[in-house]
Structure formats: C-alpha cells, structure tokens
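> Take a look at this one; I'll ask things after.
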Amino acid sequence: KIWNVVASFMCLDDHFLGPAIFRSCADDLVAISSGGMMLLPALDLPIALPNLRFVGNTIDNVQADKVRSALINEGLALVSLDQAVSDPQEFAKFIGDDLGAELHQHSSDVGGVWSIKSKKTNAIARSHTTDPFLPHTDASFEPMPPRFFALSVIRSDHGIGGLTCFTSVEEAVKMLSAEEYDTLLNTSVHWKRPIEFTKHGMETTVAPVLFSKYRARIRGDIIMADHLSDEDEKRFWDAYNRFYGHLEELCHKSARILPERTIILMDNQKFVHARTSIIDDRRSLLRIRFDIPDLPEKLWM
C-alpha cells in the first residue's frame with residue numbers, strides 16, 4: 001500500500017538547508033502553516049517505491065544496469081543524486097552509454113538533449129512556455145514515438161508550480177467499452193507535426209491512438225480526423241474524448257513536484273504525463289527521448 005507523505009524542507013534565500021519534518025498517513029493529509037513555511041506532497045509517487053528508486057552521490061555512482069531493468073520491466077525509475085546532472089553531454093552519456101539506449105533527435109536543428117527553461121514570450125515549444133499542458137505522450141507525431149524519455153531536474157519550480165502528473169494507459173483503457181477500445185485501436189487518424197519539431201518530408205503521421213491495451217500515443221491538439229466519414233469521425237471523437245477524460249482524472253490525482261537533483265525515467269507509450277503552470281521561470285530541466293534496442297517481446301503487447 002502506498003501511503004501519503006507530506007514533506008517540509010528548510011530553505012533560505014534560494015539555498016536548500018536540508019529536510020525538516022516528514023509526516024505520513026494512509027489517508028489524505030491536510031497541513032496548515034504560516035510564517036513563510038509551505039508544506040506540499042512530495043513523495044506519494046509510484047516511482048518513489050524502493051524497487052524503482054536509485055541513489056548516488058553522482059550519476060557515476062548509480063548502478064545503471066538496475067535502472068535499465070526497472071525502466072524496462074516497470075516503465076518507471078527515479079534516480080536521486082547529491083549533484084544534479086546539468087551537463088547535456090553527461091546526461092547523454094548516462095542514457096546512451098550506461099543504459100545502452102539510442103537517443104532520439106528532437107528536430108533537424110536540435111540534437112538529442114533538449115534544455116527546458118520556461119519563457120513568458122518567444123518560446124520555442126510549449127514545454128518552454130509557462131502554460132500548463134494536458135496529458136500526452138511525447139512525440140506522438142512520429143511514425144513510431146520514442147519508447148522512453150528522461151528528465152534531469154536541475155532546478156524545480158520554487159513557486160510550487162510546474163507540478164508533474166502521470167498515469168498509465170492501461171488504467172484508462174480499463175474504463176472504456178469494447179466498442180470504444182476497438183475504435184481507438186483500429187481507426188487511423190492524422191497526427192500533425194508541430195513546427196518546432198520539423199523534419200523534412202515528415203509533416204504528418206497516419207496511425208491509431210492505441211497500440212494495445214497497454215500502450216498509446218496521445219496528443220489531441222495535433223489529431224486530424226476530417227478524412228473520416230461523418231459517422232466514423234463522430235465515433236472516433238466520442239471514444240477519444242471519453243478516453244482522454246479518464247486520463248485527465250487519473251493524472252489530476254498524481255500531481256507532484258519534481259525533486260531537484262533527480263532523474264525521472266518513464267515509458268513514453270505505457271504512461272501519459274502532464275504539467276501544471278510554471279510559476280518560477282528559473283525552473284530548469286534537461287530532457288532526452290530514447291529507445292532501448294532489443295526489448296523483450298512482451299513489452300510490445
């Protein structure tokens with residue numbers, strides 16, 4: 001059973017001084033404080049379970065083979081460090097060399113490591129804005145979306161914004177009718193590539209939403225279904241909106257702040273993720289999307 005945890009931390013002038021009080025309970029926790037203290041949920045995460053959490057002073061001290069195994073078999077892993085991985089080359093080395101992964105190129109202009117810093121104007125992509133974004137899978141517009149992604153948290157949102165939410169595709173699929181599941185599995189729609197991820201000759205991808213009961217591609221704002229008959233288009237959107245509603249509800253329950261000096265790794269087809277509005281525009285992350293060659297056959301179900 002996962003218990004709720006409320007954690008408090010001591011900070012002064014943007015300097016982290018250490019952990020303070022941690023409280024735990026099987027039921028919801030309500031904490032009221034004043035005088036400059038803020039209490040928030042920090043550890044009620046499946047990725048904080050002992051078998052999915054790995055620690056080390058630096059990334060070089062982490063047992064990469066165990067991180068890889070957890071990510072492949074469970075779809076989630078969390079690496080907690082004393083020193084944040086802020087160097088793109090160091091991050092790429094851990095993912096590419098230590099985990100044996102193949103990095104996904106973001107676009108014709110940007111390589112495998114994407115720096116995420118929020119801007120109120122002139123943002124390159126929506127991840128660079130301070131706006132929230134709804135549940136989705138990364139690179140849904142690719143013919144085959146990258147299977148995994150990793151986030152290195154250099155600085156979290158000190159304004160307690162930028163909460164990350166996620167849930168599994170399987171949980172939402174369980175709530176669909178047989179007809180809705182069949183529609184999302186077998187109806188091919190067009191996925192428009194956003195301009196910030198332009199690749200020559202790859203403007204759209206044609207594919208269904210679901211790969212299976214366990215895996216999906218999700219991002220409603222780039223789906224085009226006007227090539228379908230009126231009846232089929234209505235059937236598709238009815239099924240998609242119901243599916244998406246379940247994902248939103250499940251995601252909302254999991255909203256948590258990303259701890260600094262951590263790396264979060266996730267299966268990009270088994271899980272969807274979302275983010276609330278950014279308050280502190282000094283929030284800084286690195287992101288890598290990647291594939292791991294020769295995955296076990298069971299993972300393609």
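In the structure tokens, chains take letters A, B, ... by order of appearance, with residues numbered from 1 within each chain and ligands from 1 in the order shown.
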For segment 139-196 of chain A versus segment 278-281 of chain A, which residues have an atom no more than 7 Å away, and what is each residue's nearest atom pair and distance in Å rounded to one decimal, using only C-alpha atoms, chain-then-number order, as a Markdown table?

```
| residue | atom | partner | partner_atom | distance |
| --- | --- | --- | --- | --- |
| A:Asp157 | CA | A:Asp280 | CA | 5.1 |
| A:His158 | CA | A:Asp280 | CA | 5.9 |
| A:Gly159 | CA | A:Asp280 | CA | 5.2 |
| A:Ile160 | CA | A:Ile279 | CA | 7.0 |
| A:Gly161 | CA | A:Ile278 | CA | 4.8 |
| A:Gly162 | CA | A:Ile278 | CA | 4.6 |
```
> For segment 143-252 of chain A versus segment 73-82 of chain A, which residues have an atom no more than 12 Å away, and what is each residue's nearest atom pair and distance in Å rounded to one decimal, using only C-alpha atoms, chain-then-number order, as JSON lines?

```
{"residue": "A:Arg147", "atom": "CA", "partner": "A:Gly75", "partner_atom": "CA", "distance": 9.8}
{"residue": "A:Phe148", "atom": "CA", "partner": "A:Gly75", "partner_atom": "CA", "distance": 8.4}
{"residue": "A:Phe149", "atom": "CA", "partner": "A:Leu76", "partner_atom": "CA", "distance": 10.0}
{"residue": "A:Ala150", "atom": "CA", "partner": "A:Ala77", "partner_atom": "CA", "distance": 9.3}
{"residue": "A:Leu151", "atom": "CA", "partner": "A:Leu78", "partner_atom": "CA", "distance": 9.8}
{"residue": "A:Ser152", "atom": "CA", "partner": "A:Val79", "partner_atom": "CA", "distance": 9.2}
{"residue": "A:Val153", "atom": "CA", "partner": "A:Ser80", "partner_atom": "CA", "distance": 10.0}
{"residue": "A:Ile154", "atom": "CA", "partner": "A:Leu81", "partner_atom": "CA", "distance": 10.7}
{"residue": "A:Phe166", "atom": "CA", "partner": "A:Leu76", "partner_atom": "CA", "distance": 10.9}
{"residue": "A:Thr167", "atom": "CA", "partner": "A:Leu76", "partner_atom": "CA", "distance": 11.1}
{"residue": "A:Ser168", "atom": "CA", "partner": "A:Gly75", "partner_atom": "CA", "distance": 9.5}
{"residue": "A:Val169", "atom": "CA", "partner": "A:Gly75", "partner_atom": "CA", "distance": 11.5}
{"residue": "A:Tyr214", "atom": "CA", "partner": "A:Gly75", "partner_atom": "CA", "distance": 11.1}
{"residue": "A:Arg215", "atom": "CA", "partner": "A:Gly75", "partner_atom": "CA", "distance": 11.1}
```
> With only C-alpha atoms as the atoms that count, which of A:Val6, A:Ala26, A:Pro143, A:Thr130 lies nearest to Ile116 of chain A?
A:Thr130
> Using backbone DSSP assignments, extract all helix (DSSP H, G or I) residues from segment 179-272 of chain A; output them as JSON, numbers by chain.
{"A": [179, 180, 181, 182, 183, 184, 185, 186, 195, 196, 197, 220, 221, 222, 230, 231, 232, 233, 234, 235, 236, 237, 238, 239, 240, 241, 242, 243, 244, 245, 246, 247, 248, 249, 250, 251, 252]}
> For atom CA of Phe9 of chain A and atom CA of Leu258 of chain A, determine how far apart the two atoms are, in Å to one decimal place.
13.9 Å
> At a cut-off of 8 Å, using only C-alpha atoms, what residues contact Arg23 of chain A? Leave out same-chain residues fewer than 2 positions from it and give the result as an MDAnalysis selection string.
chainID A and resid 5:7 21 25
